[in-house]
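Coordinates from protein.cif are shown below (mmCIF, C-alpha atoms and all ligand atoms).
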data_run
loop_
_atom_site.label_atom_id
_atom_site.label_comp_id
_atom_site.auth_asym_id
_atom_site.auth_seq_id
_atom_site.Cartn_x
_atom_site.Cartn_y
_atom_site.Cartn_z
CA MET A 527 143.75 68.22 145.60
CA LYS A 528 145.24 70.64 148.15
CA VAL A 529 144.46 74.33 147.69
CA LEU A 530 145.66 77.41 149.56
CA VAL A 531 143.36 80.45 149.45
CA THR A 532 145.05 83.68 150.51
CA GLY A 533 142.64 86.40 151.67
CA GLY A 534 140.16 83.56 152.08
CA THR A 535 138.16 85.01 154.99
CA GLY A 536 137.15 88.05 152.88
CA TYR A 537 134.01 88.67 150.83
CA ILE A 538 134.80 86.31 147.94
CA GLY A 539 136.65 83.78 150.10
CA ARG A 540 133.63 83.26 152.38
CA VAL A 541 131.73 81.95 149.36
CA LEU A 542 134.64 80.26 147.58
CA VAL A 543 136.04 78.23 150.47
CA PRO A 544 132.80 76.31 151.28
CA ASP A 545 132.32 75.77 147.51
CA LEU A 546 135.84 74.30 147.25
CA VAL A 547 135.15 71.97 150.17
CA ARG A 548 131.86 70.84 148.56
CA ASN A 549 133.84 70.13 145.37
CA GLY A 550 136.21 67.82 147.25
CA TYR A 551 139.23 70.12 147.68
CA GLU A 552 141.36 70.08 150.82
CA VAL A 553 141.53 73.77 151.71
CA THR A 554 143.90 75.92 153.76
CA VAL A 555 143.13 79.62 154.20
CA MET A 556 145.73 82.28 154.96
CA ASP A 557 144.37 85.68 155.96
CA ARG A 558 145.30 88.54 158.29
CA GLY A 559 141.62 88.73 159.26
CA PHE A 560 141.61 92.52 158.87
CA LEU A 561 137.86 92.65 158.22
CA ASP A 562 136.51 89.60 160.01
CA TYR A 563 133.48 90.19 162.19
CA SER A 564 132.43 86.59 162.45
CA ASP A 565 134.46 83.45 162.99
CA PRO A 566 135.18 81.98 159.55
CA SER A 567 135.56 78.47 160.96
CA GLU A 568 131.80 78.47 161.65
CA SER A 569 131.05 78.75 157.94
CA PHE A 570 134.04 76.77 156.68
CA GLY A 571 133.72 73.74 158.98
CA ASP A 572 136.46 71.79 160.71
CA SER A 573 138.09 70.46 157.59
CA VAL A 574 139.45 73.90 156.61
CA LYS A 575 142.72 74.98 158.21
CA ILE A 576 142.80 78.73 158.88
CA ILE A 577 146.19 80.40 159.25
CA ARG A 578 146.28 83.96 160.60
CA ASP A 579 149.29 85.24 158.70
CA ASP A 580 150.48 87.82 156.23
CA ILE A 581 151.27 87.00 152.63
CA ARG A 582 154.30 89.30 152.86
CA THR A 583 155.99 87.55 155.74
CA CYS A 584 154.51 84.07 156.17
CA ASP A 585 156.77 81.06 156.53
CA PRO A 586 157.48 79.73 153.01
CA ASP A 587 156.96 76.19 154.31
CA LEU A 588 153.22 76.96 154.49
CA LEU A 589 153.23 76.72 150.69
CA ARG A 590 154.83 73.28 150.57
CA GLY A 591 152.84 70.29 149.31
CA LEU A 592 150.08 72.26 147.57
CA ASP A 593 148.46 71.51 144.24
CA ALA A 594 146.97 74.96 143.69
CA VAL A 595 146.99 78.49 145.10
CA VAL A 596 144.14 81.00 144.78
CA ASP A 597 145.48 84.47 145.57
CA LEU A 598 142.70 86.74 146.87
CA ALA A 599 144.58 88.70 149.55
CA ALA A 600 144.61 92.41 148.77
CA LEU A 601 143.47 95.86 149.75
CA SER A 602 140.45 95.25 147.64
CA ASN A 603 139.19 98.44 146.00
CA ASP A 604 140.26 101.85 144.71
CA PRO A 605 139.61 103.90 147.87
CA ALA A 606 141.33 101.33 150.12
CA GLY A 607 144.21 101.23 147.65
CA ASN A 608 144.54 105.03 147.83
CA LEU A 609 144.68 105.13 151.65
CA ASN A 610 148.36 104.33 151.79
CA THR A 611 149.74 103.63 148.35
CA MET A 612 152.94 102.12 149.77
CA SER A 613 150.93 99.48 151.63
CA THR A 614 148.93 98.80 148.48
CA TRP A 615 152.08 98.12 146.44
CA ASP A 616 153.48 96.13 149.36
CA ILE A 617 150.45 93.84 149.68
CA ASN A 618 148.78 93.81 146.27
CA TYR A 619 151.99 93.62 144.23
CA ILE A 620 155.04 92.53 146.24
CA GLY A 621 153.02 90.22 148.52
CA ARG A 622 151.22 88.48 145.66
CA VAL A 623 154.38 88.13 143.55
CA ARG A 624 156.02 86.55 146.59
CA ILE A 625 153.15 84.07 146.97
CA ALA A 626 153.26 83.12 143.27
CA ARG A 627 157.05 82.64 143.28
CA LEU A 628 156.89 80.54 146.43
CA ALA A 629 154.04 78.48 144.98
CA LYS A 630 156.08 77.79 141.88
CA LYS A 631 159.29 77.06 143.75
CA LEU A 632 157.56 74.68 146.17
CA GLY A 633 155.74 72.72 143.49
CA ALA A 634 152.12 73.92 143.27
CA GLY A 635 151.05 73.23 139.70
CA ARG A 636 148.28 75.81 139.43
CA TYR A 637 147.97 79.45 140.47
CA VAL A 638 145.04 81.86 140.04
CA VAL A 639 145.26 85.52 140.99
CA ALA A 640 142.19 87.74 141.48
CA SER A 641 142.50 90.76 139.22
CA SER A 642 139.86 93.24 138.15
CA CYS A 643 138.19 94.71 135.06
CA SER A 644 139.22 98.07 136.56
CA VAL A 645 142.57 97.56 134.76
CA TYR A 646 140.76 98.85 131.63
CA GLY A 647 140.05 102.22 133.21
CA PHE A 648 137.04 103.99 131.80
CA ARG A 649 136.59 104.14 128.02
CA GLU A 650 133.93 104.26 125.35
CA GLY A 651 132.64 101.02 123.87
CA PHE A 652 133.50 97.49 124.95
CA CYS A 653 136.80 96.21 126.40
CA ASP A 654 138.11 92.71 125.88
CA GLU A 655 141.39 91.05 126.82
CA GLN A 656 143.07 92.62 123.76
CA THR A 657 142.16 96.14 124.86
CA PRO A 658 145.23 97.97 126.18
CA VAL A 659 145.08 98.42 129.94
CA ASN A 660 144.52 101.91 131.30
CA PRO A 661 144.92 101.72 135.10
CA LEU A 662 143.73 104.94 136.74
CA THR A 663 144.34 104.12 140.41
CA THR A 664 147.04 102.50 142.55
CA TYR A 665 144.76 99.48 143.04
CA ALA A 666 144.42 99.02 139.26
CA GLU A 667 148.15 99.69 138.66
CA ALA A 668 149.09 97.03 141.20
CA ASN A 669 146.74 94.58 139.43
CA VAL A 670 148.43 95.29 136.09
CA ALA A 671 151.88 94.80 137.65
CA VAL A 672 150.97 91.57 139.43
CA GLU A 673 149.38 90.15 136.26
CA ARG A 674 152.56 90.97 134.30
CA ASP A 675 154.95 89.36 136.81
CA ASN A 676 152.84 86.39 137.85
CA LEU A 677 151.72 85.41 134.36
CA ALA A 678 155.39 85.49 133.31
CA LEU A 679 156.00 82.64 135.78
CA ASN A 680 153.77 80.38 133.68
CA ASP A 681 155.47 77.28 132.26
CA SER A 682 154.75 73.59 131.72
CA ARG A 683 154.95 72.83 135.46
CA PHE A 684 153.35 76.00 136.86
CA ARG A 685 150.13 77.21 135.29
CA SER A 686 149.49 80.83 136.19
CA THR A 687 146.20 82.55 135.32
CA ALA A 688 144.72 85.96 136.16
CA LEU A 689 140.94 86.34 136.39
CA ARG A 690 139.72 89.90 135.86
CA PHE A 691 136.46 90.11 137.77
CA ALA A 692 133.70 92.57 136.99
CA THR A 693 132.33 94.43 140.02
CA VAL A 694 130.98 91.77 142.32
CA PHE A 695 127.56 91.73 144.00
CA GLY A 696 125.59 89.32 146.16
CA TYR A 697 125.57 88.07 149.72
CA SER A 698 128.60 86.73 151.56
CA GLU A 699 129.25 86.27 155.28
CA ARG A 700 131.78 89.09 155.02
CA PHE A 701 129.24 91.29 153.32
CA ARG A 702 130.59 94.38 151.52
CA LEU A 703 128.59 97.59 151.61
CA ASP A 704 131.15 99.38 149.45
CA LEU A 705 129.95 97.45 146.38
CA VAL A 706 127.33 99.40 144.46
CA ILE A 707 124.55 96.81 144.03
CA ASN A 708 124.92 95.57 147.62
CA ALA A 709 124.79 99.12 149.02
CA MET A 710 121.84 100.32 146.88
CA THR A 711 119.84 97.23 147.84
CA PHE A 712 120.72 97.31 151.55
CA TYR A 713 120.04 101.03 152.06
CA GLY A 714 117.01 100.94 149.77
CA TYR A 715 115.54 98.38 152.17
CA LYS A 716 116.67 100.13 155.37
CA ASN A 717 115.84 103.73 154.41
CA GLY A 718 113.27 103.46 151.64
CA VAL A 719 115.65 105.50 149.44
CA ILE A 720 117.98 104.13 146.76
CA ARG A 721 120.90 106.53 146.37
CA MET A 722 122.28 106.60 142.84
CA MET A 723 125.38 108.43 141.65
CA ARG A 724 124.42 111.09 139.10
CA ASP A 725 123.12 110.64 136.45
CA GLY A 726 122.74 106.87 136.37
CA THR A 727 123.45 106.44 132.64
CA GLN A 728 127.00 105.19 133.33
CA TYR A 729 127.63 101.51 132.54
CA ARG A 730 129.46 99.05 134.80
CA PRO A 731 130.09 95.31 134.35
CA PHE A 732 128.82 93.14 137.22
CA VAL A 733 129.17 89.52 138.34
CA HIS A 734 127.58 87.63 141.22
CA VAL A 735 129.93 86.43 143.97
CA LYS A 736 128.75 82.82 143.49
CA ASP A 737 129.78 83.04 139.84
CA VAL A 738 133.18 84.40 140.88
CA SER A 739 133.59 81.33 143.06
CA ARG A 740 132.46 79.05 140.19
CA ALA A 741 134.93 80.75 137.81
CA ILE A 742 137.85 80.22 140.22
CA ILE A 743 136.96 76.56 140.74
CA THR A 744 136.61 76.12 136.96
CA ALA A 745 140.04 77.70 136.47
CA ILE A 746 141.93 75.56 138.98
CA GLY A 747 140.26 72.40 137.65
CA SER A 748 140.57 73.29 133.96
CA GLU A 749 142.60 71.09 131.64
CA ASP A 750 142.55 73.76 128.91
CA ASP A 751 145.35 76.06 127.93
CA ILE A 752 144.60 78.92 130.32
CA GLY A 753 148.21 79.38 131.49
CA GLY A 754 149.77 82.83 131.08
CA LYS A 755 146.35 84.34 130.27
CA HIS A 756 144.19 87.03 131.81
CA ILE A 757 140.50 86.27 131.42
CA ASN A 758 137.55 88.61 132.04
CA ILE A 759 134.91 87.10 134.33
CA GLY A 760 131.32 88.31 133.99
CA LYS A 761 128.47 88.35 131.50
CA GLU A 762 127.65 90.75 128.62
CA SER A 763 124.04 91.22 129.76
CA LEU A 764 125.30 92.28 133.20
CA ASN A 765 126.96 95.37 131.67
CA LEU A 766 124.32 97.53 133.33
CA GLN A 767 123.51 101.19 133.58
CA ILE A 768 123.33 102.22 137.22
CA ARG A 769 119.79 103.60 136.70
CA ASP A 770 118.65 100.14 135.52
CA VAL A 771 120.12 98.62 138.69
CA ALA A 772 118.27 101.22 140.77
CA GLU A 773 115.00 100.54 138.93
CA ALA A 774 115.37 96.77 139.42
CA ILE A 775 115.88 97.29 143.16
CA ARG A 776 112.90 99.67 143.33
CA ARG A 777 110.69 97.12 141.53
CA LYS A 778 111.67 94.44 144.07
CA LEU A 779 111.13 96.75 147.03
CA GLY A 780 107.88 98.20 145.71
CA GLY A 781 105.88 100.55 147.92
CA ASP A 782 107.11 104.11 148.28
CA THR A 783 110.78 103.43 147.62
CA ARG A 784 112.40 106.48 146.01
CA ILE A 785 115.50 106.87 143.87
CA GLU A 786 117.66 109.83 144.89
CA LEU A 787 120.57 111.22 142.86
CA TYR A 788 123.78 112.31 144.55
CA GLY A 789 127.25 113.61 143.65
CA ASP A 790 128.64 115.19 140.52
CA PRO A 791 127.94 113.54 137.17
CA ASP A 792 129.93 110.32 137.06
CA ASN A 793 131.33 110.11 133.54
CA ARG A 794 133.18 106.88 134.24
CA SER A 795 131.44 104.33 132.08
CA TYR A 796 132.70 101.10 130.58
CA ARG A 797 131.51 97.75 129.27
CA VAL A 798 133.37 94.45 129.00
CA ARG A 799 133.19 91.35 126.78
CA PHE A 800 133.54 87.85 128.18
CA ASP A 801 134.05 85.65 125.10
CA LEU A 802 137.38 84.27 126.34
CA ALA A 803 135.81 82.98 129.56
CA ARG A 804 133.13 81.25 127.50
CA ASP A 805 135.37 79.90 124.72
CA LEU A 806 138.62 79.08 126.52
CA LEU A 807 137.68 78.57 130.16
CA LYS A 808 134.27 77.09 129.20
CA PHE A 809 132.72 79.26 131.88
CA SER A 810 129.34 81.01 131.84
CA THR A 811 127.65 82.79 134.69
CA LYS A 812 124.43 81.49 136.29
CA TYR A 813 123.23 84.24 138.60
CA ASP A 814 121.49 87.43 137.49
CA LEU A 815 120.75 90.80 139.04
CA GLU A 816 117.30 89.80 140.33
CA TYR A 817 118.78 86.79 142.14
CA GLY A 818 121.39 88.97 143.85
CA ILE A 819 118.88 91.63 144.89
CA SER A 820 116.43 89.01 146.24
CA GLU A 821 119.02 87.20 148.33
CA ILE A 822 120.28 90.46 149.89
CA LEU A 823 116.69 91.49 150.67
CA GLU A 824 116.07 88.13 152.32
CA ARG A 825 119.13 88.71 154.51
CA CYS A 826 117.91 92.23 155.30
CA LYS A 827 114.54 90.83 156.40
CA ALA A 828 116.39 88.33 158.60
CA GLY A 829 118.15 91.23 160.37
CA LEU A 830 121.33 91.94 158.39
CA GLU A 831 123.15 94.69 160.30
CA ASP A 832 125.25 97.58 159.03
CA LEU A 833 128.64 96.72 160.59
CA PRO A 834 131.79 98.87 160.29
CA GLN A 835 133.75 95.99 158.72
CA MET A 836 131.32 96.00 155.79
CA HIS A 837 132.69 99.38 154.63
CA THR A 838 136.15 98.37 153.46
CA VAL A 839 137.90 101.72 153.24
CA ASP A 840 136.28 103.17 156.37
CA TYR A 841 137.23 100.12 158.36
CA TYR A 842 140.83 100.23 157.15
CA LYS A 843 140.87 103.94 158.15
CA LEU A 844 139.67 102.93 161.59
CA LEU A 845 142.40 100.28 161.90
CA ILE A 846 145.04 102.81 160.86
CA SER A 847 143.75 105.36 163.38
CA GLN A 848 144.21 102.87 166.21
CA GLU A 849 147.82 102.73 167.22
CA LYS A 850 147.72 99.01 167.90
CA SER A 851 146.25 98.27 164.54
CA LEU A 852 148.47 100.72 162.72
CA SER A 853 151.41 98.49 163.58
CA ARG A 854 149.38 95.44 162.61
CA PHE A 855 148.40 97.03 159.35
CA MET A 856 151.55 98.69 158.11
CA GLY A 857 154.43 98.16 160.51
CA ILE A 858 155.81 95.13 158.79
CA ARG A 859 159.43 94.92 157.75
CA HIS A 860 158.81 92.30 155.16
CA ARG A 861 161.45 89.74 154.44
CA ILE A 862 161.21 88.62 150.85
CA VAL A 863 161.86 84.92 151.16
CA ILE A 864 161.44 83.19 147.83
N1 LIG B 1 134.70 92.23 145.21
C1 LIG B 1 134.92 92.76 144.00
O1 LIG B 1 134.08 93.48 143.40
C2 LIG B 1 136.20 92.44 143.28
C3 LIG B 1 136.26 92.73 141.92
C4 LIG B 1 137.45 92.47 141.25
C5 LIG B 1 138.52 91.92 141.93
N2 LIG B 1 138.43 91.64 143.27
C6 LIG B 1 139.62 91.08 143.94
O2 LIG B 1 139.30 89.84 144.56
C7 LIG B 1 140.10 89.69 145.75
C8 LIG B 1 139.22 89.41 146.93
O3 LIG B 1 138.28 90.48 147.05
P1 LIG B 1 137.21 90.55 148.21
O4 LIG B 1 136.04 91.28 147.66
O5 LIG B 1 137.03 89.22 148.81
O6 LIG B 1 137.98 91.53 149.22
P2 LIG B 1 138.05 91.53 150.83
O7 LIG B 1 138.62 92.84 151.20
O8 LIG B 1 136.75 91.14 151.41
O9 LIG B 1 139.09 90.35 151.13
C9 LIG B 1 140.47 90.52 151.05
C10 LIG B 1 141.07 89.73 152.20
O10 LIG B 1 142.50 89.87 152.12
C11 LIG B 1 143.00 89.92 153.44
N3 LIG B 1 144.33 90.54 153.42
C12 LIG B 1 144.64 91.81 153.08
N4 LIG B 1 145.96 92.00 153.17
C13 LIG B 1 146.50 90.82 153.56
C14 LIG B 1 147.82 90.38 153.81
N5 LIG B 1 148.86 91.22 153.70
N6 LIG B 1 148.04 89.10 154.18
C15 LIG B 1 146.98 88.25 154.32
N7 LIG B 1 145.71 88.61 154.11
C16 LIG B 1 145.46 89.88 153.72
C17 LIG B 1 141.97 90.75 154.21
O11 LIG B 1 142.05 90.49 155.60
C18 LIG B 1 140.67 90.27 153.58
O12 LIG B 1 140.09 89.22 154.33
C19 LIG B 1 140.91 90.99 145.90
O13 LIG B 1 142.18 90.80 145.32
C20 LIG B 1 140.11 91.97 145.09
O14 LIG B 1 140.90 93.03 144.62
C21 LIG B 1 137.29 91.87 143.95
#

Show me this structure written as structure tokens.
Amino acid sequence: MKVLVTGGTGYIGRVLVPDLVRNGYEVTVMDRGFLDYSDPSESFGDSVKIIRDDIRTCDPDLLRGLDAVVDLAALSNDPAGNLNTMSTWDINYIGRVRIARLAKKLGAGRYVVASSCSVYGFREGFCDEQTPVNPLTTYAEANVAVERDNLALNDSRFRSTALRFATVFGYSERFRLDLVINAMTFYGYKNGVIRMMRDGTQYRPFVHVKDVSRAIITAIGSEDDIGGKHINIGKESLNLQIRDVAEAIRRKLGGDTRIELYGDPDNRSYRVRFDLARDLLKFSTKYDLEYGISEILERCKAGLEDLPQMHTVDYYKLLISQEKSLSRFMGIRHRIVI
């Protein structure tokens, strides 16, 4: 089965692509490589074709002859999405609608787009797929719009599914230090201080990056009726209060590690249910918080460095501030070829 992964050299892609290869898929990756600091071919192996291209402008022929498309390419969090909202709509909405329409037109039978539980906004109690969306940022709005348009393409020949991921954690070869568990663990190790946004009672849903990869592979291989659906990906018991995350990291680090509060009280709290993933997709997570913390600490002990590309929004700011990269980043007159 031939699969195209857009945005495949990013944080999730670096875990997903080798997993796809191990599961017997023939994989092509298309990515601008905005955040690459190591050569992805070293981790993907020779069998994976890597195309340095933009989802907004790539040659449509690149989507010919595929069985499935996994659409990960995006400006991948709220702060990056707020940097230049026009670029966010251009990439996260128009670009991903283009990819889905091309995939359908050129015969790929299955399409999975990476969405986010952030579409629920922040609200009391639990959210499930029936909860009305409440997007509070451009990033979340673009996810809602792309879900709407790309799920509408679903029919008997083109199965289109949106996976709404909880906040991801865990190690990847494009490590992200803008993700809360990763950052608290990394800096807890480096500085002996775990910085926690005040007051720590806020809930967030989390999912390990290896489980995200497993969920995507389950979705593209599924024979169940997941077309036209958005499905939350995570686990109820990983709806965690930030202070519990901090305590778990402190327990692992031991010694004199301190927890330090910062910022104004963060009232943004929400929890998510994952019954649909379990019942319809037949997917359950495997990896817990302790596993994620331990693997990051092992990497820290092996010399994991704090690289600029690990801070998504700061690195995009740096690219924009460099004239050469500004044109790379934004200066595209996209031709909508579908
Ligand atoms: N990591 C999380 O916590 C999380 C949670 C929910 C949803 N998601 C979604 O999953 C997807 C992947 O996230 P990630 O954590 O791997 O992010 P990432 O930023 O590490 O990867 C995104 C990749 O997309 C590429 N890209 C951006 N614009 C492009 C374009 N125009 N053309 C081609 N490539 C382009 C970047 O170069 C990057 O490699 C994103 O859509 C993100 O919004 C992530």

Per residue of stretch 730-778 of chain A within 9 Å of stretch 787-806 of chain A, which atom pair is closest and at what distance in Å (one decimal), using all atoms listed in the file, listed by chain and increasing number, as CSV?
residue,atom,partner,partner_atom,distance
A:Arg730,CA,A:Tyr796,CA,5.7
A:Pro731,CA,A:Arg797,CA,5.8
A:Ala741,CA,A:Ala803,CA,8.6
A:Asp750,CA,A:Leu806,CA,7.0
A:Asp751,CA,A:Leu806,CA,7.5
A:Ile752,CA,A:Leu806,CA,7.1
A:Ile757,CA,A:Ala803,CA,6.0
A:Asn758,CA,A:Phe800,CA,5.6
A:Ile759,CA,A:Phe800,CA,6.3
A:Gly760,CA,A:Phe800,CA,6.2
A:Lys761,CA,A:Phe800,CA,6.1
A:Glu762,CA,A:Arg799,CA,5.9
A:Asn765,CA,A:Arg797,CA,5.7
A:Leu766,CA,A:Arg797,CA,8.3
A:Gln767,CA,A:Ser795,CA,8.7

Export, as a CSV table (one decimal), in the frame of the given file, the selected residues with C-alpha atoms.
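Contents of part_23.csv, freshly written:
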chain,number,residue,atom,x,y,z
A,730,ARG,CA,129.5,99.0,134.8
A,731,PRO,CA,130.1,95.3,134.4
A,741,ALA,CA,134.9,80.8,137.8
A,750,ASP,CA,142.6,73.8,128.9
A,751,ASP,CA,145.4,76.1,127.9
A,752,ILE,CA,144.6,78.9,130.3
A,757,ILE,CA,140.5,86.3,131.4
A,758,ASN,CA,137.6,88.6,132.0
A,759,ILE,CA,134.9,87.1,134.3
A,760,GLY,CA,131.3,88.3,134.0
A,761,LYS,CA,128.5,88.4,131.5
A,762,GLU,CA,127.6,90.8,128.6
A,765,ASN,CA,127.0,95.4,131.7
A,766,LEU,CA,124.3,97.5,133.3
A,767,GLN,CA,123.5,101.2,133.6

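Proximity of A:Lys843, A:His756, A:Lys778, A:Arg649 to A:Leu823, computed with only C-alpha atoms, is greatest for A:Lys778.
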
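The spacing separating atom CA of A:Lys755 from atom CA of A:Lys736 amounts to 22.1 Å.
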
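A straight line drawn from atom CA of A:Gly621 to atom C12 of ligand LIG 1 (chain B) is 9.7 Å long.
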
**Report entry** Expected answer as a VMD selection string: residues within 7 Å of ligand LIG 1 (chain B), only C-alpha atoms and all ligand atoms
**Finding:** chain A and resid 532 to 539 556 to 562 579 to 582 598 to 603 617 621 640 to 643 690 to 695 700 702 705 838

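When atom CA of A:Asp782 is paired with atom CA of A:Gly718, their separation reads 7.0 Å.
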
Do you know which residues lie at most 12 Å from (152.1, 77.3, 158.9), with coordinates as in the file and all atoms listed in the file counted, and could you write them as a compact mmCIF listing (two decimals) with C-alpha atoms, in the frame of the given file?
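Result file is out-v7.txt:
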# COMPACT_ATOMS: atom_id res chain seq x y z
CA LEU A 530 145.66 77.41 149.56
CA THR A 554 143.90 75.92 153.76
CA VAL A 555 143.13 79.62 154.20
CA MET A 556 145.73 82.28 154.96
CA ASP A 557 144.37 85.68 155.96
CA LYS A 575 142.72 74.98 158.21
CA ILE A 576 142.80 78.73 158.88
CA ILE A 577 146.19 80.40 159.25
CA ARG A 578 146.28 83.96 160.60
CA ASP A 579 149.29 85.24 158.70
CA ASP A 580 150.48 87.82 156.23
CA ILE A 581 151.27 87.00 152.63
CA THR A 583 155.99 87.55 155.74
CA CYS A 584 154.51 84.07 156.17
CA ASP A 585 156.77 81.06 156.53
CA PRO A 586 157.48 79.73 153.01
CA ASP A 587 156.96 76.19 154.31
CA LEU A 588 153.22 76.96 154.49
CA LEU A 589 153.23 76.72 150.69
CA ARG A 590 154.83 73.28 150.57
CA GLY A 591 152.84 70.29 149.31

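Residues in contact with A:Leu542 at up to 9 Å, not including ones fewer than 6 positions away on its chain and judged by only C-alpha atoms, are A:Val531, A:Gly534, A:Val735, A:Lys736, A:Val738, A:Ser739, A:Arg740, A:Ile742, A:Ile743.
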
Can you write just those residues out, C-alpha atoms, as an mmCIF file, in the coordinates of the input?
data_model
loop_
_atom_site.group_PDB
_atom_site.id
_atom_site.type_symbol
_atom_site.label_atom_id
_atom_site.label_comp_id
_atom_site.auth_asym_id
_atom_site.auth_seq_id
_atom_site.Cartn_x
_atom_site.Cartn_y
_atom_site.Cartn_z
ATOM 1 C CA VAL A 531 143.360 80.450 149.450
ATOM 2 C CA GLY A 534 140.160 83.560 152.080
ATOM 3 C CA VAL A 735 129.930 86.430 143.970
ATOM 4 C CA LYS A 736 128.750 82.820 143.490
ATOM 5 C CA VAL A 738 133.180 84.400 140.880
ATOM 6 C CA SER A 739 133.590 81.330 143.060
ATOM 7 C CA ARG A 740 132.460 79.050 140.190
ATOM 8 C CA ILE A 742 137.850 80.220 140.220
ATOM 9 C CA ILE A 743 136.960 76.560 140.740
#

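Taking only C-alpha atoms into account, A:Leu844 lies nearest to A:Ala606 out of the set A:Thr783, A:Ala606, A:Tyr729, A:Asn717.
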
Requested in this report: Show which residues sit within 12 Å of A:Arg825, as an MDAnalysis selection string. Count only C-alpha atoms, and ignore same-chain residues fewer than 2 positions away.
Outcome: chainID A and resid 696:699 701 708 711:712 715:716 818:823 827:832

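Near (133.1, 82.2, 156.4), the residues inside the 7 Å limit, counting all atoms listed in the file, come to A:Thr535, A:Arg540, A:Asp565, A:Pro566, A:Ser567, A:Glu568, A:Ser569, A:Phe570, A:Glu699.
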
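Minimum atom-to-atom distance to A:Val547, evaluated using only C-alpha atoms, belongs to A:Asp572 out of A:Tyr563, A:Asp572, A:Glu650, A:Lys630.
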
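The closest residue to A:Ile746, picked from A:Arg683, A:Arg636, A:Arg627, A:Arg721 and counting only C-alpha atoms, is A:Arg636.
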
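For A:Asp616, the residues within 10 Å (counting only C-alpha atoms, excluding itself and residues fewer than 3 positions away along the chain) are Ile581, Arg582, Ala600, Asn610, Thr611, Met612, Ser613, Tyr619, Ile620, Gly621, Arg622, Val623, Ala668, Met856, Ile858 and His860 of chain A.
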
Query raised in the report: Closest to A:Asp725 among A:Leu679, A:Ile785, A:Leu689, A:Ile707, using only C-alpha atoms?
Result: A:Ile785

Just add N, CA, C and O atoms to stretch 574-584 of chain A and send it as a PDB file, in the coordinates of the input.
ATOM      1  N   VAL A 574     138.632  72.819 157.187  1.00  0.00           N
ATOM      2  CA  VAL A 574     139.450  73.900 156.610  1.00  0.00           C
ATOM      3  C   VAL A 574     140.426  74.424 157.670  1.00  0.00           C
ATOM      4  O   VAL A 574     140.032  74.807 158.767  1.00  0.00           O
ATOM      5  N   LYS A 575     141.701  74.449 157.294  1.00  0.00           N
ATOM      6  CA  LYS A 575     142.720  74.980 158.210  1.00  0.00           C
ATOM      7  C   LYS A 575     142.835  76.487 157.964  1.00  0.00           C
ATOM      8  O   LYS A 575     143.008  76.916 156.811  1.00  0.00           O
ATOM      9  N   ILE A 576     142.706  77.279 159.040  1.00  0.00           N
ATOM     10  CA  ILE A 576     142.800  78.730 158.880  1.00  0.00           C
ATOM     11  C   ILE A 576     144.084  79.225 159.527  1.00  0.00           C
ATOM     12  O   ILE A 576     144.315  79.004 160.719  1.00  0.00           O
ATOM     13  N   ILE A 577     144.923  79.877 158.748  1.00  0.00           N
ATOM     14  CA  ILE A 577     146.190  80.400 159.250  1.00  0.00           C
ATOM     15  C   ILE A 577     146.098  81.919 159.282  1.00  0.00           C
ATOM     16  O   ILE A 577     145.822  82.544 158.254  1.00  0.00           O
ATOM     17  N   ARG A 578     146.303  82.503 160.470  1.00  0.00           N
ATOM     18  CA  ARG A 578     146.280  83.960 160.600  1.00  0.00           C
ATOM     19  C   ARG A 578     147.681  84.471 160.284  1.00  0.00           C
ATOM     20  O   ARG A 578     148.555  84.482 161.156  1.00  0.00           O
ATOM     21  N   ASP A 579     147.937  84.809 159.057  1.00  0.00           N
ATOM     22  CA  ASP A 579     149.290  85.240 158.700  1.00  0.00           C
ATOM     23  C   ASP A 579     149.224  86.215 157.548  1.00  0.00           C
ATOM     24  O   ASP A 579     148.164  86.437 156.960  1.00  0.00           O
ATOM     25  N   ASP A 580     150.379  86.774 157.245  1.00  0.00           N
ATOM     26  CA  ASP A 580     150.480  87.820 156.230  1.00  0.00           C
ATOM     27  C   ASP A 580     151.209  87.269 155.013  1.00  0.00           C
ATOM     28  O   ASP A 580     152.257  86.644 155.145  1.00  0.00           O
ATOM     29  N   ILE A 581     150.651  87.538 153.852  1.00  0.00           N
ATOM     30  CA  ILE A 581     151.270  87.000 152.630  1.00  0.00           C
ATOM     31  C   ILE A 581     152.683  87.543 152.426  1.00  0.00           C
ATOM     32  O   ILE A 581     153.485  86.950 151.728  1.00  0.00           O
ATOM     33  N   ARG A 582     152.987  88.683 153.067  1.00  0.00           N
ATOM     34  CA  ARG A 582     154.300  89.300 152.860  1.00  0.00           C
ATOM     35  C   ARG A 582     155.385  88.655 153.693  1.00  0.00           C
ATOM     36  O   ARG A 582     156.562  88.771 153.391  1.00  0.00           O
ATOM     37  N   THR A 583     154.977  88.017 154.779  1.00  0.00           N
ATOM     38  CA  THR A 583     155.990  87.550 155.740  1.00  0.00           C
ATOM     39  C   THR A 583     155.825  86.087 156.148  1.00  0.00           C
ATOM     40  O   THR A 583     156.634  85.583 156.931  1.00  0.00           O
ATOM     41  N   CYS A 584     154.803  85.424 155.671  1.00  0.00           N
ATOM     42  CA  CYS A 584     154.510  84.070 156.170  1.00  0.00           C
ATOM     43  C   CYS A 584     155.692  83.125 155.894  1.00  0.00           C
ATOM     44  O   CYS A 584     156.496  83.357 154.985  1.00  0.00           O
TER      45      CYS A 584
END
